[in-house]
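Participant: Pasting in a structure now, in structure tokens, and then I'll have a few things to ask.
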There are 2 protein chains.
Amino acid sequence: MASTLRLLLRPTPTRLHATALRRHASTFGYTQAKALIFSDYGQPSDVLKLHSHSISPVYGSEIVIKFLAAPINPADINQIEGVYPTKPAMTINLGTPTPAAVPGNEGVVEVVSVGANVKDFKPGDRAIMKHTAFGTWRTHALASDKNLLKIPEKFRDLGVVSAATVSVNPCTAYCMLKNFKPLEKGDWFIQNGGNSGVGRAAIQLGRLWGLKSVNVVRKRPEIDALKEELKALGADMVITEEELADRTFRKQMKELTGGKGLQLGLNCVGGKSATELIRHMGEGGHVVTYGAMAKQPLMVSASSLIFKDIHAHGFWVSRWSDANPEAKREMVEEIFGMIQRGEFKDVPVEKTVWNSETKEDVLKAAVAKSGQAYSGKKQVFVFEE
Amino acid sequence: MASTLRLLLRPTPTRLHATALRRHASTFGYTQAKALIFSDYGQPSDVLKLHSHSISPVYGSEIVIKFLAAPINPADINQIEGVYPTKPAMTINLGTPTPAAVPGNEGVVEVVSVGANVKDFKPGDRAIMKHTAFGTWRTHALASDKNLLKIPEKFRDLGVVSAATVSVNPCTAYCMLKNFKPLEKGDWFIQNGGNSGVGRAAIQLGRLWGLKSVNVVRKRPEIDALKEELKALGADMVITEEELADRTFRKQMKELTGGKGLQLGLNCVGGKSATELIRHMGEGGHVVTYGAMAKQPLMVSASSLIFKDIHAHGFWVSRWSDANPEAKREMVEEIFGMIQRGEFKDVPVEKTVWNSETKEDVLKAAVAKSGQAYSGKKQVFVFEE
């Protein structure tokens with residue numbers, strides 16, 4: 001909004017003399033920026049382009065930010081494909097011949113310069129995105145204080161990857177454990193996708209809050225190593241889908257929960273996996289869906305709903321964050337504290353360095369690698385000057 | 001429980017001299033009773049038997065009741081079949097050679113006589129069953145004040161059918177409209193099974209509370225007459241499943257709800273019908289399942305759960321009533337008031353008179369006719385002396 005207004009109110013470099021300006025950007029106080037952009041929805045490999053533009057000196061309540069790190073999340077890919085319910089705005093503010101959007105919802109930034117009317121930020125401050133759909137796959141951007149959630153000074157030493165990846169996975173896990181079925185210390189929850197980013201966050205938050213977790217993962221050659229890895233994070237039980245389906249599991253769970261059964265289930269798979277998960281829920285249990293790896297709906301029998309009093313919900317961290325900015329700020333700072341104290345570990349990541357020399361192909365390769373949603377390592381752009 | 005204790009504590013007529021006693025029952029203060037009973041789970045036509053026994057004079061805190069009316073509900077049939085999660089207790093208290101149970105969960109009774117310790121009931125009082133699974137398909141029974149919910153004197157003139165059928169259908173509709181998604185005057189809800197007992201109750205309660213209803217019914221030859229009938233009860237819209245699936249419905253609903261969409265859905269069908277219903281729910285809507293006519297699970301897409309924030313619940317009136325006896329009493333009296341003021345009509349019923357001469361075949365024929373769950377007329381036993 002702010003930058004649209006700006007285009008209307010005062011002279012700004014247009015596409016016609018953009019090249020000339022870019023050449024002498026620093027001379028005039030202009031910031032040289034690069035961004036991955038797309039003008040049409042489609043496969044990222046087809047539609048993403050690396051675009052150079054310049055950002056004019058800050059004015060009024062504007063803030064120029066430089067990105068430090070930005071992850072590639074499954075939702076980012078879905079937005080590029082045009083299959084996500086929210087879409088980043090297509091604008092001509094970046095000087096593209098046709099309206100274009102910058103993908104990326106999460107990221108951590110450093111403030112470069114602030115306009116005269118900016119009160120809450122100063123150059124050098126760090127921040128994460130306050131809302132989704134800002135467009136974080138870029139080196140620099142023009143923002144306002146409405147876009148930024150400042151990172152308190154005490155968390156300045158936090159790794160950029162931790163800061164860049166807190167808003168989606170850890171916050172999703174946090175809200176799902178807290179907002180649906182109140183659990184008491186010693187209560188058990190169950191989740192499929194135990195190895196996902198959210199899954200790993202839920203294991204750790206559960207451990208810190210005295211909750212016990214059953215983590216369902218897909219069978220794989222290195223299953224023993226994965227089980228050990230998740231147990232090291234605090235998982236109480238890591239089982240394959242086959243082990244979940246086994247009769248002994250139900251009996252074991254009944255004993256472990258003192259007859260109460262599993263009261264909360266987190267589901268990012270759907271289809272059969274979710275049916276199996278619900279089959280093991282205790283009376284009055286709540287199942288929260290946040291993903292659909294199997295691309296199949298949640299199926300709940302009428303008897304589960306009526307006689308077992310099972311409740312099904314969904315959780316969308318974007319909607320929640322946008323509706324609860326203050327609660328988000330508190331949650332993020334709580335998680336930052338856990339990370340700083342060494343109580344909470346990031347999901348394993350693979351970094352792609354992005355500097356002024358980085359070619360489009362390198363960036364697009366990272367996007368392609370992220371296709372393996374909810375498994376493998378999370379791809380993160382780490383920006384260097 | 002009370003009657004088991006009684007069997008142990010004092011002499012009582014046994015099966016051996018039952019015939020002799022029955023002949024002179026009134027002489028000795030014994031009550032002659034008949035009950036439909038079953039000793040094995042199975043098809044009602046195979047397992048139900050009409051059994052005669054006698055009830056000895058009241059003692060202590062006992063109450064002898066005679067039934068005035070008792071309906072045949074789908075859950076009663078499922079209990080006889082042994083496919084319902086709760087089962088009436090099999091006992092030898094009725095003097096049967098093997099343990100047997102009396103089916104029937106709903107009914108209205110008149111107090112015949114009370115023991116010396118009974119404070120809250122006197123002969124002539126009317127009551128409905130406080131809990132489910134009492135066994136209401138019988139002419140007389142031995143009860144205690146714990147089994148009975150007294151009907152206030154001001155509702156004494158209420159028809160016995162109204163009193164006998166308030167606990168399941170109207171209470172289910174009442175709770176589903178009140179307990180899940182708070183609706184405001186003018187809000188719309190949608191339900192399939194619009195012609196069911198619960199459906200008709202929901203239409204009328206909705207009308208009384210200023211809510212608007214979309215009622216989905218199955219296509220049938222006399223569809224126009226049914227539409228008029230439900231509209232006369234207060235239905236704002238009555239449509240077939242085909243009309244629901246039509247594109248124009250969604251547009252129409254969006255306009256009628258001012259963009260808010262349908263916020264509450266009541267589902268007694270499941271399968272495709274429920275999927276279609278959920279497809280038309282507005283953001284943040286809740287769907288409550290209370291039946292499964294299609295014998296298929298509820299299917300909810302991940303995007304409905306996550307992005308449309310749809311919540312799925314079940315409602316079981318038995319559990320709710322047993323957990324909330326005082327709230328049930330208040331609700332029943334509120335509905336009785338509506339009936340008395342002519343604001344609330346019973347579901348259409350077909351009565352089967354049950355007196356001392358009625359043969360087993362006649363009673364079993366009524367049970368067989370009730371098989372058409374959620375459609376046609378509700379079968380009700382009406383007792384005459």
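The way I read the labels, and the way they are meant: chains A, B, ... in the order of the structure tokens, residue 1 as the first residue of every chain, and ligand 1 as the first ligand shown, with later ones counted on from there.
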Hey, which bits of chain A sit within 9 Å of chain B, and for each residue what's the closest pair of atoms and how far apart in Å (one decimal), counting only C-alpha atoms, rows by chain and increasing number, as CSV?

Facilitator:
residue,atom,partner,partner_atom,distance
A:Pro85,CA,B:Phe307,CA,7.1
A:Cys268,CA,B:Ala302,CA,8.8
A:Gly270,CA,B:Ala302,CA,7.3
A:Val288,CA,B:Leu305,CA,8.5
A:Thr289,CA,B:Ile306,CA,6.7
A:Tyr290,CA,B:Ile306,CA,6.1
A:Gly291,CA,B:Ala302,CA,6.6
A:Ala292,CA,B:Ala302,CA,6.0
A:Lys295,CA,B:Ala302,CA,8.1
A:Gln296,CA,B:Ser301,CA,7.0
A:Pro297,CA,B:Ser301,CA,4.2
A:Leu298,CA,B:Val300,CA,5.2
A:Met299,CA,B:Met299,CA,4.5
A:Val300,CA,B:Leu298,CA,5.2
A:Ser301,CA,B:Pro297,CA,4.2
A:Ala302,CA,B:Pro297,CA,5.8
A:Ser303,CA,B:Gly314,CA,8.4
A:Ser304,CA,B:Gly314,CA,7.9
A:Leu305,CA,B:Gly314,CA,4.2
A:Ile306,CA,B:Gly314,CA,4.2
A:Phe307,CA,B:Trp316,CA,6.5
A:Lys308,CA,B:Gly314,CA,8.4
A:Asp309,CA,B:Gly314,CA,5.9
A:Ile310,CA,B:His313,CA,6.5
A:His311,CA,B:His313,CA,4.8
A:Ala312,CA,B:Ala312,CA,4.9
A:His313,CA,B:His311,CA,4.8
A:Gly314,CA,B:Leu305,CA,4.2
A:Phe315,CA,B:Ile306,CA,5.1
A:Trp316,CA,B:Ile306,CA,5.3
A:Arg319,CA,B:Phe307,CA,8.2

Participant: Could those residues be written to a file, using C-alpha atoms, as a PDB file, in the first residue's frame?

Facilitator:
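Output contents, as saved in result12.pdb:
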ATOM      1  CA  PRO A  85      -5.942 -19.683  -1.012  1.00  0.00           C
ATOM      2  CA  CYS A 268      -0.464 -33.400   8.248  1.00  0.00           C
ATOM      3  CA  GLY A 270      -4.875 -37.179   5.821  1.00  0.00           C
ATOM      4  CA  VAL A 288      -6.108 -30.960  14.247  1.00  0.00           C
ATOM      5  CA  THR A 289      -5.207 -31.041  10.550  1.00  0.00           C
ATOM      6  CA  TYR A 290      -2.492 -28.727   9.229  1.00  0.00           C
ATOM      7  CA  GLY A 291      -1.401 -30.498   6.070  1.00  0.00           C
ATOM      8  CA  ALA A 292      -2.439 -33.086   3.509  1.00  0.00           C
ATOM      9  CA  LYS A 295      -3.809 -35.425  -0.812  1.00  0.00           C
ATOM     10  CA  GLN A 296      -6.829 -37.246   0.588  1.00  0.00           C
ATOM     11  CA  PRO A 297      -9.554 -35.913   2.866  1.00  0.00           C
ATOM     12  CA  LEU A 298      -9.917 -36.597   6.535  1.00  0.00           C
ATOM     13  CA  MET A 299     -12.426 -39.401   7.022  1.00  0.00           C
ATOM     14  CA  VAL A 300     -14.172 -39.641  10.374  1.00  0.00           C
ATOM     15  CA  SER A 301     -16.759 -42.311  11.057  1.00  0.00           C
ATOM     16  CA  ALA A 302     -20.073 -41.192  12.489  1.00  0.00           C
ATOM     17  CA  SER A 303     -19.483 -43.409  15.506  1.00  0.00           C
ATOM     18  CA  SER A 304     -16.150 -41.684  16.206  1.00  0.00           C
ATOM     19  CA  LEU A 305     -17.924 -38.332  16.107  1.00  0.00           C
ATOM     20  CA  ILE A 306     -21.085 -39.290  17.964  1.00  0.00           C
ATOM     21  CA  PHE A 307     -20.079 -42.004  20.413  1.00  0.00           C
ATOM     22  CA  LYS A 308     -16.359 -41.280  20.872  1.00  0.00           C
ATOM     23  CA  ASP A 309     -16.949 -37.529  20.829  1.00  0.00           C
ATOM     24  CA  ILE A 310     -14.059 -36.886  18.458  1.00  0.00           C
ATOM     25  CA  HIS A 311     -13.674 -33.301  17.237  1.00  0.00           C
ATOM     26  CA  ALA A 312     -11.888 -32.335  14.027  1.00  0.00           C
ATOM     27  CA  HIS A 313     -10.338 -28.938  13.362  1.00  0.00           C
ATOM     28  CA  GLY A 314      -7.841 -27.376  11.020  1.00  0.00           C
ATOM     29  CA  PHE A 315      -5.034 -24.969  11.796  1.00  0.00           C
ATOM     30  CA  TRP A 316      -3.642 -22.329   9.462  1.00  0.00           C
ATOM     31  CA  ARG A 319      -4.764 -16.811   9.546  1.00  0.00           C
TER      32      ARG A 319
END

Participant: Name all residues at most 9 Å from segment 203-212 of chain B (count only C-alpha atoms; drop same-chain ones fewer than 4 positions away) and give them as a PyMOL selection string.

Facilitator: chain B and resi 170+173-174+177+183-190+194+198-199+230-231+233-237+343-345

Participant: Those residues you just picked out, can you put them in a file as a CSV table (one decimal), in the first residue's frame with N, CA and C atoms?

Facilitator:
chain,number,residue,atom,x,y,z
B,170,PRO,N,-36.3,-33.6,19.9
B,170,PRO,CA,-36.2,-32.1,20.2
B,170,PRO,C,-35.0,-31.7,21.0
B,173,ALA,N,-32.0,-31.6,18.7
B,173,ALA,CA,-32.0,-30.4,17.9
B,173,ALA,C,-31.6,-29.2,18.7
B,174,TYR,N,-32.2,-29.1,19.9
B,174,TYR,CA,-32.0,-27.9,20.8
B,174,TYR,C,-30.5,-27.8,21.1
B,177,LEU,N,-28.2,-26.8,18.0
B,177,LEU,CA,-28.4,-25.4,17.7
B,177,LEU,C,-27.7,-24.5,18.7
B,183,LEU,N,-25.1,-18.8,17.2
B,183,LEU,CA,-25.7,-18.1,16.1
B,183,LEU,C,-26.5,-16.9,16.6
B,184,GLU,N,-26.5,-15.9,15.7
B,184,GLU,CA,-27.3,-14.7,16.0
B,184,GLU,C,-28.6,-14.7,15.3
B,185,LYS,N,-29.5,-13.9,15.7
B,185,LYS,CA,-30.8,-13.8,15.0
B,185,LYS,C,-30.5,-13.5,13.5
B,186,GLY,N,-31.2,-14.1,12.7
B,186,GLY,CA,-31.0,-13.9,11.2
B,186,GLY,C,-29.9,-14.8,10.6
B,187,ASP,N,-29.1,-15.4,11.4
B,187,ASP,CA,-28.1,-16.4,10.9
B,187,ASP,C,-28.8,-17.6,10.3
B,188,TRP,N,-28.1,-18.2,9.3
B,188,TRP,CA,-28.6,-19.4,8.6
B,188,TRP,C,-27.9,-20.6,9.1
B,189,PHE,N,-28.6,-21.7,9.2
B,189,PHE,CA,-28.0,-23.0,9.3
B,189,PHE,C,-28.5,-23.9,8.3
B,190,ILE,N,-27.8,-25.0,8.0
B,190,ILE,CA,-28.2,-26.0,7.0
B,190,ILE,C,-28.3,-27.4,7.7
B,194,GLY,N,-33.8,-33.1,6.6
B,194,GLY,CA,-34.7,-32.0,7.1
B,194,GLY,C,-36.0,-32.5,7.5
B,198,VAL,N,-35.5,-35.0,14.3
B,198,VAL,CA,-34.6,-34.0,14.7
B,198,VAL,C,-34.7,-32.8,13.7
B,199,GLY,N,-34.7,-33.1,12.4
B,199,GLY,CA,-34.8,-32.0,11.4
B,199,GLY,C,-36.0,-31.1,11.7
B,230,LEU,N,-42.9,-28.7,5.5
B,230,LEU,CA,-41.7,-28.2,6.3
B,230,LEU,C,-41.7,-26.7,6.4
B,231,LYS,N,-42.2,-26.1,5.3
B,231,LYS,CA,-42.2,-24.6,5.3
B,231,LYS,C,-43.3,-24.1,6.3
B,233,LEU,N,-43.9,-25.5,9.0
B,233,LEU,CA,-43.2,-25.6,10.3
B,233,LEU,C,-42.3,-24.4,10.6
B,234,GLY,N,-41.9,-23.8,9.5
B,234,GLY,CA,-40.9,-22.6,9.7
B,234,GLY,C,-39.7,-22.7,8.8
B,235,ALA,N,-39.6,-23.8,8.0
B,235,ALA,CA,-38.4,-23.9,7.2
B,235,ALA,C,-38.3,-22.7,6.2
B,236,ASP,N,-37.1,-22.1,6.1
B,236,ASP,CA,-37.0,-21.0,5.2
B,236,ASP,C,-36.7,-21.4,3.7
B,237,MET,N,-36.1,-22.6,3.6
B,237,MET,CA,-35.7,-23.1,2.3
B,237,MET,C,-35.7,-24.7,2.5
B,343,GLU,N,-46.5,-23.6,19.9
B,343,GLU,CA,-45.4,-23.1,19.0
B,343,GLU,C,-44.6,-24.3,18.4
B,344,PHE,N,-44.7,-25.4,19.0
B,344,PHE,CA,-43.9,-26.6,18.6
B,344,PHE,C,-44.7,-27.8,18.4
B,345,LYS,N,-44.6,-28.4,17.2
B,345,LYS,CA,-45.4,-29.6,16.9
B,345,LYS,C,-44.6,-30.8,17.0

Participant: Run DSSP on the backbone and grab whatever in segment 170-199 of chain B lands in strand (DSSP E); send it over as a list in words.

Facilitator: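 Listing strand (DSSP E) positions across segment 170-199 of chain B yields Trp188, Phe189, Ile190, Gln191 and Asn192 of chain B.
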
Participant: Pull C-alpha atoms from the residues just selected and write them as a short mmCIF file (atom, residue, chain, number, x, y, z; two decimals), in the first residue's frame.

Facilitator:
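File written: selection14.cif
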data_model
loop_
_atom_site.label_atom_id
_atom_site.label_comp_id
_atom_site.auth_asym_id
_atom_site.auth_seq_id
_atom_site.Cartn_x
_atom_site.Cartn_y
_atom_site.Cartn_z
CA TRP B 188 -28.65 -19.36 8.62
CA PHE B 189 -27.98 -23.01 9.34
CA ILE B 190 -28.19 -25.99 7.02
CA GLN B 191 -29.23 -29.55 7.71
CA ASN B 192 -29.67 -32.73 5.76
#

Participant: Apply DSSP to the structure's backbone, then extract all residues of segment 137-267 of chain B labelled alpha helix (DSSP H) and return them as number ranges by chain.

Facilitator: B: 160-164, 169-179, 197-208, 223-233, 241-245, 247-256

Participant: Selected residues, N, CA and C atoms, written as a compact mmCIF listing (two decimals), in the first residue's frame, please.

Facilitator:
# COMPACT_ATOMS: atom_id res chain seq x y z
N VAL B 160 -49.69 -37.24 25.74
CA VAL B 160 -48.69 -38.23 26.17
C VAL B 160 -47.62 -38.46 25.08
N VAL B 161 -48.01 -38.31 23.82
CA VAL B 161 -47.01 -38.49 22.75
C VAL B 161 -45.95 -37.39 22.82
N SER B 162 -46.39 -36.15 23.03
CA SER B 162 -45.44 -35.04 23.15
C SER B 162 -44.45 -35.31 24.28
N ALA B 163 -44.99 -35.72 25.43
CA ALA B 163 -44.13 -35.94 26.59
C ALA B 163 -43.18 -37.12 26.36
N ALA B 164 -43.70 -38.14 25.67
CA ALA B 164 -42.90 -39.36 25.49
C ALA B 164 -41.78 -39.16 24.47
N ASN B 169 -35.40 -36.45 20.07
CA ASN B 169 -35.31 -35.57 18.90
C ASN B 169 -35.30 -34.07 19.22
N PRO B 170 -36.29 -33.56 19.94
CA PRO B 170 -36.24 -32.12 20.21
C PRO B 170 -34.99 -31.72 21.02
N CYS B 171 -34.61 -32.55 21.98
CA CYS B 171 -33.43 -32.21 22.78
C CYS B 171 -32.16 -32.25 21.93
N THR B 172 -32.07 -33.19 21.00
CA THR B 172 -30.91 -33.25 20.11
C THR B 172 -30.82 -31.98 19.27
N ALA B 173 -31.96 -31.59 18.68
CA ALA B 173 -31.98 -30.38 17.86
C ALA B 173 -31.62 -29.16 18.69
N TYR B 174 -32.20 -29.08 19.88
CA TYR B 174 -31.96 -27.94 20.78
C TYR B 174 -30.47 -27.81 21.07
N CYS B 175 -29.85 -28.91 21.49
CA CYS B 175 -28.44 -28.86 21.88
C CYS B 175 -27.54 -28.55 20.68
N MET B 176 -27.85 -29.13 19.54
CA MET B 176 -26.97 -28.89 18.38
C MET B 176 -27.05 -27.43 17.92
N LEU B 177 -28.23 -26.83 18.05
CA LEU B 177 -28.35 -25.42 17.66
C LEU B 177 -27.70 -24.49 18.68
N LYS B 178 -27.64 -24.93 19.93
CA LYS B 178 -27.17 -24.05 21.01
C LYS B 178 -25.70 -24.26 21.40
N ASN B 179 -25.22 -25.52 21.33
CA ASN B 179 -23.96 -25.83 22.02
C ASN B 179 -22.69 -25.74 21.19
N GLY B 197 -37.10 -36.50 12.51
CA GLY B 197 -37.63 -35.97 13.76
C GLY B 197 -36.77 -34.83 14.29
N VAL B 198 -35.46 -35.02 14.26
CA VAL B 198 -34.56 -33.96 14.71
C VAL B 198 -34.66 -32.78 13.75
N GLY B 199 -34.74 -33.08 12.44
CA GLY B 199 -34.82 -32.03 11.44
C GLY B 199 -36.04 -31.14 11.66
N ARG B 200 -37.18 -31.75 11.89
CA ARG B 200 -38.40 -30.98 12.11
C ARG B 200 -38.32 -30.16 13.40
N ALA B 201 -37.66 -30.73 14.40
CA ALA B 201 -37.50 -29.99 15.65
C ALA B 201 -36.57 -28.80 15.43
N ALA B 202 -35.50 -29.00 14.67
CA ALA B 202 -34.53 -27.92 14.42
C ALA B 202 -35.19 -26.79 13.63
N ILE B 203 -36.04 -27.15 12.67
CA ILE B 203 -36.74 -26.13 11.89
C ILE B 203 -37.56 -25.23 12.83
N GLN B 204 -38.29 -25.89 13.73
CA GLN B 204 -39.20 -25.14 14.60
C GLN B 204 -38.44 -24.32 15.65
N LEU B 205 -37.40 -24.92 16.25
CA LEU B 205 -36.61 -24.18 17.24
C LEU B 205 -35.92 -23.00 16.55
N GLY B 206 -35.40 -23.25 15.35
CA GLY B 206 -34.76 -22.18 14.58
C GLY B 206 -35.73 -21.04 14.35
N ARG B 207 -36.96 -21.39 13.95
CA ARG B 207 -37.97 -20.34 13.69
C ARG B 207 -38.22 -19.54 14.97
N LEU B 208 -38.35 -20.25 16.10
CA LEU B 208 -38.64 -19.57 17.37
C LEU B 208 -37.49 -18.68 17.82
N ILE B 223 -42.62 -34.63 -3.28
CA ILE B 223 -41.68 -33.62 -2.80
C ILE B 223 -42.33 -32.27 -2.55
N ASP B 224 -43.27 -31.86 -3.41
CA ASP B 224 -43.87 -30.55 -3.25
C ASP B 224 -44.67 -30.46 -1.96
N ALA B 225 -45.40 -31.53 -1.67
CA ALA B 225 -46.19 -31.55 -0.43
C ALA B 225 -45.27 -31.49 0.79
N LEU B 226 -44.15 -32.23 0.71
CA LEU B 226 -43.20 -32.22 1.83
C LEU B 226 -42.61 -30.83 2.02
N LYS B 227 -42.24 -30.18 0.91
CA LYS B 227 -41.68 -28.83 1.01
C LYS B 227 -42.66 -27.90 1.71
N GLU B 228 -43.95 -28.01 1.31
CA GLU B 228 -44.96 -27.13 1.92
C GLU B 228 -45.11 -27.44 3.41
N GLU B 229 -45.06 -28.72 3.73
CA GLU B 229 -45.23 -29.15 5.12
C GLU B 229 -44.10 -28.59 6.00
N LEU B 230 -42.88 -28.71 5.50
CA LEU B 230 -41.74 -28.23 6.30
C LEU B 230 -41.73 -26.70 6.36
N LYS B 231 -42.17 -26.05 5.27
CA LYS B 231 -42.24 -24.59 5.30
C LYS B 231 -43.29 -24.11 6.29
N ALA B 232 -44.37 -24.91 6.40
CA ALA B 232 -45.41 -24.55 7.38
C ALA B 232 -44.86 -24.63 8.80
N LEU B 233 -43.86 -25.50 9.02
CA LEU B 233 -43.23 -25.60 10.35
C LEU B 233 -42.28 -24.43 10.59
N GLU B 241 -31.24 -32.82 -2.63
CA GLU B 241 -29.78 -32.90 -2.72
C GLU B 241 -29.31 -32.40 -4.08
N GLU B 242 -30.13 -32.62 -5.11
CA GLU B 242 -29.77 -32.15 -6.46
C GLU B 242 -29.75 -30.62 -6.49
N GLU B 243 -30.73 -30.01 -5.86
CA GLU B 243 -30.78 -28.54 -5.84
C GLU B 243 -29.63 -27.96 -5.02
N LEU B 244 -29.21 -28.70 -3.99
CA LEU B 244 -28.08 -28.24 -3.18
C LEU B 244 -26.81 -28.25 -4.02
N ALA B 245 -26.66 -29.27 -4.86
CA ALA B 245 -25.45 -29.41 -5.66
C ALA B 245 -25.38 -28.38 -6.79
N ARG B 247 -25.06 -25.03 -8.91
CA ARG B 247 -24.20 -23.86 -8.72
C ARG B 247 -24.94 -22.64 -8.18
N THR B 248 -26.20 -22.51 -8.61
CA THR B 248 -26.92 -21.30 -8.20
C THR B 248 -27.13 -21.23 -6.69
N PHE B 249 -27.16 -22.42 -6.04
CA PHE B 249 -27.42 -22.41 -4.60
C PHE B 249 -26.34 -21.64 -3.84
N ARG B 250 -25.09 -21.91 -4.21
CA ARG B 250 -23.98 -21.27 -3.51
C ARG B 250 -24.08 -19.74 -3.61
N LYS B 251 -24.39 -19.29 -4.80
CA LYS B 251 -24.48 -17.85 -5.04
C LYS B 251 -25.64 -17.26 -4.22
N GLN B 252 -26.74 -17.97 -4.27
CA GLN B 252 -27.93 -17.53 -3.55
C GLN B 252 -27.66 -17.43 -2.05
N MET B 253 -26.94 -18.46 -1.52
CA MET B 253 -26.65 -18.51 -0.09
C MET B 253 -25.72 -17.38 0.31
N LYS B 254 -24.77 -17.09 -0.56
CA LYS B 254 -23.81 -16.02 -0.29
C LYS B 254 -24.55 -14.69 -0.15
N GLU B 255 -25.50 -14.48 -1.04
CA GLU B 255 -26.29 -13.25 -0.98
C GLU B 255 -27.16 -13.22 0.26
N LEU B 256 -27.85 -14.34 0.51
CA LEU B 256 -28.79 -14.39 1.63
C LEU B 256 -28.10 -14.20 2.98

Participant: At what distance in Å, to one decimal, does atom CA of Arg138 of chain A lie from atom CA of Lys66 of chain A?

Facilitator: 8.3 Å

Participant: Quick one: of A:Val64, A:Thr132, A:Tyr59, A:Tyr30, who's nearest to Ala323 of chain A, counting only C-alpha atoms?

Facilitator: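 Nearest to Ala323 of chain A: A:Thr132.
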
Participant: When you look at segment 376-379 of chain B with a cut-off of 9 Å (counting only C-alpha atoms), what residues show up, excluding the ones that are within fewer than 2 positions of it in the same chain? I need them as a ChimeraX atom specification.

Facilitator: /B:70-73,195-197,347-352,366-367,369-370,372-374,381

Participant: Those selected residues, please, written with N, CA and C atoms and delivered as an mmCIF file, in the first residue's frame.

Facilitator:
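To be explicit, this is the file written out as part-v6.cif:
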data_model
loop_
_atom_site.group_PDB
_atom_site.id
_atom_site.type_symbol
_atom_site.label_atom_id
_atom_site.label_comp_id
_atom_site.auth_asym_id
_atom_site.auth_seq_id
_atom_site.Cartn_x
_atom_site.Cartn_y
_atom_site.Cartn_z
ATOM 1 N N ALA B 70 -44.580 -44.640 24.798
ATOM 2 C CA ALA B 70 -43.138 -44.871 24.601
ATOM 3 C C ALA B 70 -42.880 -45.037 23.102
ATOM 4 N N PRO B 71 -41.983 -44.209 22.547
ATOM 5 C CA PRO B 71 -41.724 -44.305 21.109
ATOM 6 C C PRO B 71 -40.687 -45.381 20.789
ATOM 7 N N ILE B 72 -40.621 -45.697 19.510
ATOM 8 C CA ILE B 72 -39.588 -46.611 19.009
ATOM 9 C C ILE B 72 -38.602 -45.766 18.219
ATOM 10 N N ASN B 73 -37.411 -45.624 18.767
ATOM 11 C CA ASN B 73 -36.382 -44.809 18.113
ATOM 12 C C ASN B 73 -35.357 -45.708 17.428
ATOM 13 N N ASN B 195 -36.392 -33.713 6.997
ATOM 14 C CA ASN B 195 -37.689 -34.315 7.285
ATOM 15 C C ASN B 195 -37.648 -35.265 8.487
ATOM 16 N N SER B 196 -36.468 -35.433 9.085
ATOM 17 C CA SER B 196 -36.356 -36.356 10.227
ATOM 18 C C SER B 196 -36.971 -35.713 11.466
ATOM 19 N N GLY B 197 -37.095 -36.501 12.511
ATOM 20 C CA GLY B 197 -37.626 -35.974 13.759
ATOM 21 C C GLY B 197 -36.774 -34.826 14.286
ATOM 22 N N VAL B 347 -43.423 -34.593 15.866
ATOM 23 C CA VAL B 347 -43.204 -35.270 14.594
ATOM 24 C C VAL B 347 -44.458 -36.124 14.312
ATOM 25 N N PRO B 348 -44.821 -36.346 13.063
ATOM 26 C CA PRO B 348 -45.987 -37.205 12.790
ATOM 27 C C PRO B 348 -45.762 -38.612 13.360
ATOM 28 N N VAL B 349 -46.771 -39.149 14.034
ATOM 29 C CA VAL B 349 -46.603 -40.468 14.660
ATOM 30 C C VAL B 349 -47.681 -41.446 14.193
ATOM 31 N N GLU B 350 -47.344 -42.707 14.331
ATOM 32 C CA GLU B 350 -48.347 -43.767 14.151
ATOM 33 C C GLU B 350 -48.414 -44.506 15.480
ATOM 34 N N LYS B 351 -49.625 -44.527 16.067
ATOM 35 C CA LYS B 351 -49.759 -45.105 17.412
ATOM 36 C C LYS B 351 -50.123 -46.582 17.336
ATOM 37 N N THR B 352 -49.564 -47.349 18.240
ATOM 38 C CA THR B 352 -49.983 -48.738 18.428
ATOM 39 C C THR B 352 -50.483 -48.854 19.862
ATOM 40 N N ALA B 366 -45.185 -53.076 15.004
ATOM 41 C CA ALA B 366 -44.845 -51.652 15.155
ATOM 42 C C ALA B 366 -43.327 -51.468 15.118
ATOM 43 N N VAL B 367 -42.610 -52.383 15.792
ATOM 44 C CA VAL B 367 -41.142 -52.304 15.807
ATOM 45 C C VAL B 367 -40.612 -52.464 14.379
ATOM 46 N N LYS B 369 -42.123 -51.726 11.606
ATOM 47 C CA LYS B 369 -42.446 -50.543 10.802
ATOM 48 C C LYS B 369 -41.494 -49.375 11.079
ATOM 49 N N SER B 370 -40.917 -49.372 12.274
ATOM 50 C CA SER B 370 -40.042 -48.247 12.629
ATOM 51 C C SER B 370 -38.702 -48.320 11.908
ATOM 52 N N GLN B 372 -37.780 -47.820 9.041
ATOM 53 C CA GLN B 372 -37.551 -46.668 8.165
ATOM 54 C C GLN B 372 -37.090 -45.467 8.997
ATOM 55 N N ALA B 373 -35.860 -45.560 9.497
ATOM 56 C CA ALA B 373 -35.330 -44.523 10.393
ATOM 57 C C ALA B 373 -35.313 -43.170 9.698
ATOM 58 N N TYR B 374 -35.609 -42.121 10.433
ATOM 59 C CA TYR B 374 -35.526 -40.735 9.980
ATOM 60 C C TYR B 374 -36.509 -40.387 8.858
ATOM 61 N N PHE B 381 -45.796 -46.539 21.046
ATOM 62 C CA PHE B 381 -46.717 -47.360 21.837
ATOM 63 C C PHE B 381 -47.523 -46.431 22.734
#
